[in-house]
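So this block is run.cif, mmCIF, N, CA and C atoms:
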```cif
data_structure
#
loop_
_atom_site.label_atom_id
_atom_site.label_comp_id
_atom_site.auth_asym_id
_atom_site.auth_seq_id
_atom_site.Cartn_x
_atom_site.Cartn_y
_atom_site.Cartn_z
N MET A 28 -7.56 7.20 -24.37
CA MET A 28 -6.50 8.13 -24.06
C MET A 28 -5.15 7.45 -24.26
N THR A 29 -4.20 8.21 -24.65
CA THR A 29 -2.87 7.66 -24.88
C THR A 29 -2.02 7.77 -23.61
N LEU A 30 -0.93 7.03 -23.59
CA LEU A 30 -0.02 7.08 -22.45
C LEU A 30 0.60 8.48 -22.33
N GLU A 31 0.84 9.11 -23.46
CA GLU A 31 1.43 10.46 -23.43
C GLU A 31 0.49 11.45 -22.74
N ALA A 32 -0.81 11.30 -22.95
CA ALA A 32 -1.78 12.20 -22.31
C ALA A 32 -1.78 11.99 -20.79
N PHE A 33 -1.72 10.72 -20.36
CA PHE A 33 -1.65 10.45 -18.93
C PHE A 33 -0.39 11.06 -18.32
N LEU A 34 0.73 10.87 -19.01
CA LEU A 34 2.00 11.39 -18.47
C LEU A 34 2.04 12.91 -18.50
N LEU A 35 1.43 13.52 -19.50
CA LEU A 35 1.35 14.98 -19.54
C LEU A 35 0.51 15.52 -18.38
N LEU A 36 -0.62 14.88 -18.12
CA LEU A 36 -1.45 15.27 -16.98
C LEU A 36 -0.70 15.08 -15.67
N ALA A 37 0.00 13.96 -15.54
CA ALA A 37 0.78 13.69 -14.33
C ALA A 37 1.88 14.73 -14.14
N ALA A 38 2.57 15.08 -15.21
CA ALA A 38 3.63 16.09 -15.12
C ALA A 38 3.06 17.45 -14.76
N ALA A 39 1.91 17.79 -15.32
CA ALA A 39 1.29 19.08 -15.00
C ALA A 39 0.87 19.13 -13.53
N LEU A 40 0.26 18.06 -13.04
CA LEU A 40 -0.11 18.01 -11.62
C LEU A 40 1.12 18.11 -10.72
N PHE A 41 2.16 17.38 -11.07
CA PHE A 41 3.37 17.41 -10.26
C PHE A 41 4.01 18.80 -10.26
N CYS A 42 4.06 19.44 -11.42
CA CYS A 42 4.68 20.77 -11.51
C CYS A 42 3.88 21.83 -10.75
N VAL A 43 2.56 21.78 -10.86
CA VAL A 43 1.73 22.73 -10.12
C VAL A 43 1.89 22.49 -8.62
N GLY A 44 1.94 21.23 -8.20
CA GLY A 44 2.14 20.92 -6.80
C GLY A 44 3.50 21.35 -6.30
N LEU A 45 4.54 21.16 -7.11
CA LEU A 45 5.88 21.59 -6.74
C LEU A 45 5.95 23.11 -6.57
N TYR A 46 5.34 23.83 -7.50
CA TYR A 46 5.31 25.29 -7.38
C TYR A 46 4.56 25.70 -6.12
N GLY A 47 3.43 25.05 -5.86
CA GLY A 47 2.65 25.39 -4.67
C GLY A 47 3.39 25.07 -3.39
N ALA A 48 4.11 23.95 -3.37
CA ALA A 48 4.84 23.58 -2.15
C ALA A 48 6.03 24.49 -1.90
N LEU A 49 6.67 24.95 -2.95
CA LEU A 49 7.86 25.79 -2.78
C LEU A 49 7.55 27.27 -2.61
N SER A 50 6.39 27.72 -3.04
CA SER A 50 6.12 29.15 -3.03
C SER A 50 5.23 29.62 -1.90
N GLN A 51 4.61 28.71 -1.18
CA GLN A 51 3.65 29.10 -0.15
C GLN A 51 4.27 29.01 1.24
N GLN A 52 3.82 29.88 2.13
CA GLN A 52 4.26 29.80 3.52
C GLN A 52 3.18 29.26 4.43
N SER A 53 1.95 29.23 3.97
CA SER A 53 0.87 28.67 4.76
C SER A 53 1.01 27.15 4.80
N ILE A 54 0.83 26.59 5.98
CA ILE A 54 1.00 25.14 6.14
C ILE A 54 -0.03 24.39 5.32
N VAL A 55 -1.25 24.89 5.29
CA VAL A 55 -2.32 24.22 4.54
C VAL A 55 -2.02 24.24 3.04
N MET A 56 -1.55 25.35 2.53
CA MET A 56 -1.21 25.42 1.11
C MET A 56 -0.01 24.53 0.78
N LEU A 57 0.94 24.43 1.69
CA LEU A 57 2.07 23.53 1.51
C LEU A 57 1.59 22.09 1.42
N MET A 58 0.66 21.71 2.29
CA MET A 58 0.11 20.36 2.25
C MET A 58 -0.67 20.11 0.97
N MET A 59 -1.37 21.11 0.48
CA MET A 59 -2.09 20.95 -0.79
C MET A 59 -1.12 20.74 -1.94
N GLY A 60 -0.01 21.46 -1.94
CA GLY A 60 1.00 21.28 -2.97
C GLY A 60 1.59 19.88 -2.94
N LEU A 61 1.87 19.39 -1.74
CA LEU A 61 2.40 18.03 -1.61
C LEU A 61 1.37 17.00 -2.08
N GLU A 62 0.11 17.24 -1.79
CA GLU A 62 -0.94 16.33 -2.23
C GLU A 62 -1.05 16.30 -3.75
N LEU A 63 -0.93 17.45 -4.39
CA LEU A 63 -0.95 17.49 -5.86
C LEU A 63 0.23 16.74 -6.46
N MET A 64 1.39 16.85 -5.82
CA MET A 64 2.55 16.12 -6.32
C MET A 64 2.33 14.62 -6.24
N VAL A 65 1.79 14.14 -5.15
CA VAL A 65 1.54 12.71 -5.00
C VAL A 65 0.45 12.27 -5.97
N ASN A 66 -0.56 13.12 -6.19
CA ASN A 66 -1.60 12.79 -7.17
C ASN A 66 -1.02 12.65 -8.57
N GLY A 67 -0.04 13.48 -8.91
CA GLY A 67 0.63 13.35 -10.20
C GLY A 67 1.33 12.02 -10.34
N LEU A 68 1.98 11.58 -9.26
CA LEU A 68 2.64 10.28 -9.30
C LEU A 68 1.63 9.14 -9.42
N VAL A 69 0.49 9.26 -8.76
CA VAL A 69 -0.54 8.22 -8.84
C VAL A 69 -1.12 8.16 -10.26
N VAL A 70 -1.34 9.30 -10.88
CA VAL A 70 -1.86 9.32 -12.25
C VAL A 70 -0.85 8.68 -13.21
N ALA A 71 0.43 8.98 -13.02
CA ALA A 71 1.45 8.37 -13.88
C ALA A 71 1.49 6.86 -13.69
N ALA A 72 1.42 6.41 -12.45
CA ALA A 72 1.44 4.97 -12.18
C ALA A 72 0.21 4.29 -12.76
N ALA A 73 -0.95 4.91 -12.60
CA ALA A 73 -2.18 4.34 -13.16
C ALA A 73 -2.13 4.28 -14.67
N GLY A 74 -1.57 5.31 -15.29
CA GLY A 74 -1.43 5.30 -16.75
C GLY A 74 -0.51 4.20 -17.23
N PHE A 75 0.61 4.03 -16.54
CA PHE A 75 1.52 2.95 -16.92
C PHE A 75 0.87 1.58 -16.76
N TRP A 76 0.22 1.36 -15.62
CA TRP A 76 -0.42 0.06 -15.41
C TRP A 76 -1.55 -0.19 -16.39
N SER A 77 -2.23 0.86 -16.79
CA SER A 77 -3.32 0.72 -17.75
C SER A 77 -2.79 0.25 -19.11
N PHE A 78 -1.59 0.68 -19.46
CA PHE A 78 -1.04 0.30 -20.77
C PHE A 78 -0.16 -0.94 -20.70
N VAL A 79 0.41 -1.24 -19.54
CA VAL A 79 1.27 -2.41 -19.43
C VAL A 79 0.45 -3.68 -19.28
N SER A 80 -0.53 -3.66 -18.38
CA SER A 80 -1.37 -4.85 -18.18
C SER A 80 -2.82 -4.41 -18.01
N PRO A 81 -3.52 -4.18 -19.12
CA PRO A 81 -4.89 -3.66 -19.02
C PRO A 81 -5.89 -4.65 -18.43
N GLY A 82 -5.61 -5.93 -18.49
CA GLY A 82 -6.56 -6.92 -17.98
C GLY A 82 -6.46 -7.18 -16.49
N ALA A 83 -5.30 -6.91 -15.91
CA ALA A 83 -5.08 -7.20 -14.49
C ALA A 83 -5.56 -6.04 -13.63
N ALA A 84 -6.04 -6.38 -12.45
CA ALA A 84 -6.55 -5.36 -11.53
C ALA A 84 -5.51 -4.95 -10.49
N ASP A 85 -4.27 -5.43 -10.63
CA ASP A 85 -3.24 -5.13 -9.64
C ASP A 85 -2.98 -3.63 -9.53
N GLY A 86 -2.84 -2.97 -10.64
CA GLY A 86 -2.57 -1.53 -10.64
C GLY A 86 -3.71 -0.73 -10.05
N GLN A 87 -4.94 -1.13 -10.36
CA GLN A 87 -6.10 -0.42 -9.83
C GLN A 87 -6.18 -0.55 -8.32
N VAL A 88 -5.88 -1.74 -7.82
CA VAL A 88 -5.92 -1.95 -6.37
C VAL A 88 -4.83 -1.13 -5.69
N LEU A 89 -3.64 -1.10 -6.26
CA LEU A 89 -2.56 -0.32 -5.68
C LEU A 89 -2.86 1.17 -5.69
N VAL A 90 -3.47 1.66 -6.76
CA VAL A 90 -3.86 3.07 -6.82
C VAL A 90 -4.92 3.37 -5.77
N LEU A 91 -5.87 2.47 -5.58
CA LEU A 91 -6.90 2.66 -4.57
C LEU A 91 -6.29 2.70 -3.17
N VAL A 92 -5.34 1.83 -2.90
CA VAL A 92 -4.66 1.83 -1.61
C VAL A 92 -3.86 3.12 -1.43
N ALA A 93 -3.19 3.58 -2.49
CA ALA A 93 -2.41 4.82 -2.40
C ALA A 93 -3.31 6.01 -2.12
N ILE A 94 -4.47 6.08 -2.75
CA ILE A 94 -5.39 7.19 -2.52
C ILE A 94 -5.94 7.14 -1.10
N THR A 95 -6.21 5.94 -0.59
CA THR A 95 -6.68 5.81 0.78
C THR A 95 -5.62 6.27 1.78
N VAL A 96 -4.38 5.87 1.54
CA VAL A 96 -3.29 6.28 2.42
C VAL A 96 -3.09 7.79 2.34
N MET A 97 -3.24 8.38 1.17
CA MET A 97 -3.10 9.84 1.02
C MET A 97 -4.19 10.56 1.80
N ALA A 98 -5.41 10.04 1.77
CA ALA A 98 -6.50 10.66 2.52
C ALA A 98 -6.23 10.60 4.03
N LEU A 99 -5.74 9.46 4.49
CA LEU A 99 -5.41 9.34 5.91
C LEU A 99 -4.26 10.26 6.30
N GLU A 100 -3.27 10.37 5.41
CA GLU A 100 -2.14 11.25 5.68
C GLU A 100 -2.58 12.70 5.78
N MET A 101 -3.45 13.11 4.89
CA MET A 101 -3.92 14.50 4.93
C MET A 101 -4.77 14.76 6.17
N ALA A 102 -5.58 13.79 6.57
CA ALA A 102 -6.38 13.96 7.78
C ALA A 102 -5.47 14.11 9.01
N MET A 103 -4.43 13.30 9.08
CA MET A 103 -3.49 13.42 10.20
C MET A 103 -2.73 14.75 10.15
N GLY A 104 -2.35 15.16 8.95
CA GLY A 104 -1.65 16.44 8.81
C GLY A 104 -2.51 17.61 9.22
N PHE A 105 -3.76 17.60 8.80
CA PHE A 105 -4.66 18.69 9.19
C PHE A 105 -4.95 18.66 10.69
N ALA A 106 -4.97 17.48 11.31
CA ALA A 106 -5.16 17.40 12.76
C ALA A 106 -3.97 18.02 13.48
N VAL A 107 -2.76 17.76 13.00
CA VAL A 107 -1.56 18.35 13.61
C VAL A 107 -1.57 19.86 13.43
N VAL A 108 -1.92 20.33 12.23
CA VAL A 108 -1.96 21.77 11.97
C VAL A 108 -3.01 22.44 12.84
N THR A 109 -4.16 21.81 13.00
CA THR A 109 -5.22 22.38 13.85
C THR A 109 -4.75 22.45 15.29
N ALA A 110 -4.11 21.39 15.79
CA ALA A 110 -3.60 21.41 17.16
C ALA A 110 -2.52 22.47 17.33
N LEU A 111 -1.65 22.62 16.35
CA LEU A 111 -0.61 23.64 16.41
C LEU A 111 -1.20 25.03 16.41
N PHE A 112 -2.23 25.23 15.60
CA PHE A 112 -2.88 26.54 15.55
C PHE A 112 -3.59 26.86 16.85
N ARG A 113 -4.26 25.88 17.41
CA ARG A 113 -4.98 26.11 18.67
C ARG A 113 -4.02 26.35 19.83
N ALA A 114 -2.90 25.68 19.83
CA ALA A 114 -1.95 25.80 20.93
C ALA A 114 -1.16 27.10 20.87
N ARG A 115 -0.72 27.49 19.67
CA ARG A 115 0.19 28.64 19.58
C ARG A 115 -0.23 29.70 18.58
N ASP A 116 -1.39 29.56 17.96
CA ASP A 116 -1.88 30.54 16.98
C ASP A 116 -0.88 30.73 15.84
N VAL A 117 -0.37 29.61 15.33
CA VAL A 117 0.63 29.60 14.26
C VAL A 117 0.01 28.98 13.02
N ASP A 118 0.15 29.67 11.88
CA ASP A 118 -0.38 29.10 10.64
C ASP A 118 0.57 29.22 9.46
N VAL A 119 1.80 29.66 9.68
CA VAL A 119 2.79 29.72 8.61
C VAL A 119 4.00 28.88 8.99
N THR A 120 4.73 28.43 7.99
CA THR A 120 5.81 27.47 8.22
C THR A 120 6.98 28.07 8.99
N ASP A 121 7.26 29.35 8.82
CA ASP A 121 8.39 29.95 9.51
C ASP A 121 8.20 29.93 11.03
N GLU A 122 6.99 30.19 11.47
CA GLU A 122 6.71 30.20 12.91
C GLU A 122 6.55 28.79 13.45
N ALA A 123 6.16 27.84 12.62
CA ALA A 123 5.93 26.47 13.08
C ALA A 123 7.22 25.66 13.11
N GLY A 124 8.31 26.21 12.63
CA GLY A 124 9.56 25.48 12.57
C GLY A 124 10.12 25.13 13.94
N ASP A 125 9.87 25.95 14.93
CA ASP A 125 10.35 25.70 16.29
C ASP A 125 9.22 25.05 17.08
N LEU A 126 9.26 23.74 17.21
CA LEU A 126 8.19 23.01 17.89
C LEU A 126 8.50 22.74 19.35
N SER A 127 9.48 23.43 19.93
CA SER A 127 9.91 23.09 21.28
C SER A 127 9.21 23.91 22.37
N GLY A 128 8.13 24.51 22.09
CA GLY A 128 7.49 25.16 23.22
C GLY A 128 6.83 26.38 22.86
#
```

Step by step, read the file and then write its structure as structure tokens.
Amino acid sequence: MTLEAFLLLAAALFCVGLYGALSQQSIVMLMMGLELMVNGLVVAAAGFWSFVSPGAADGQVLVLVAITVMALEMAMGFAVVTALFRARDVDVTDEAGDLSG
């Protein structure tokens, strides 16, 4: 695969995630859009590292750490959304904006 193909895939993921994050009111869909945007950045970084230093494993390790952190972030986000839904029966961003009670 060429670097242009990696960057095209990364740009497509980022654009779909940006559209999803800006157009949805559901908290879960907003989080999915943000996750797609970060995945686009990880694909771009992996593509660059693959072409800049193909023999070194530094880029692969950093991508693995980034994916692990993203999984933990999403688990924490879904835990907060679940707690918010159970406490106040809120599942859209407009109603969740006021967290004071």

*Given the choices A:Val70, A:Val119, A:Ala98, A:Val79, which gets closest to Ile54 of chain A if the distance is worked out from all atoms listed in the file?*
A:Val119

*Which value, in Å to one decimal, gives the distance between atom CA of Gly86 of chain A and atom CA of Glu31 of chain A?*
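Taking atom CA of Gly86 of chain A and atom CA of Glu31 of chain A, their separation equals 18.0 Å.
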
Considering only N, CA and C atoms, tabulate each residue of segment 72-117 of chain A that lies at most 8 Å from segment 34-42 of chain A along with its nearest interatomic pair and the corresponding distance in Å to one decimal; arrange the rows by chain and ascending residue number and present them as a Markdown table.
```
| residue | atom | partner | partner_atom | distance |
| --- | --- | --- | --- | --- |
| A:Ala72 | N | A:Ala37 | CA | 7.5 |
| A:Gly74 | CA | A:Leu34 | N | 6.4 |
| A:Phe75 | N | A:Leu34 | N | 7.3 |
```

Quick one: axis-aligned box around all listed atoms of segment 83-95 of chain A, 8 Å on every side, centre and edge lengths in Å to one decimal, written as JSON.
```
{"center_x": -4.7, "center_y": 0.0, "center_z": -7.1, "size_x": 20.5, "size_y": 30.4, "size_z": 33.7}
```

*Just give me the gap between atom CA of Ala48 of chain A and atom CA of Met28 of chain A in Å, one decimal is fine.*
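Result for atom CA of Ala48 of chain A versus atom CA of Met28 of chain A: 29.1 Å, one decimal.
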
_DSSP on the backbone: which residues in chain A end up as helix (DSSP H, G or I)? Give the answer as a PyMOL selection string._
chain A and resi 30-50+54-79+85-115+120-123

*Please identify all polymer residues within 7 Å of Gly60 of chain A, counting only N, CA and C atoms, omitting same-chain residues fewer than 4 positions from it, and present them as an MDAnalysis selection string.*
chainID A and resid 43:49 55:56 64:65

*Rounded to one decimal in Å, what is the spacing between atom CA of Leu91 of chain A and atom C of Trp76 of chain A?*
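These two atoms are separated by 13.3 Å.
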
*Within 9 Å of Asp118 of chain A, counting only C-alpha atoms, which residues show up once you throw out same-chain ones fewer than 6 positions away? Write them as an MDAnalysis selection string, please.*
chainID A and resid 52:55 108:109 111:112
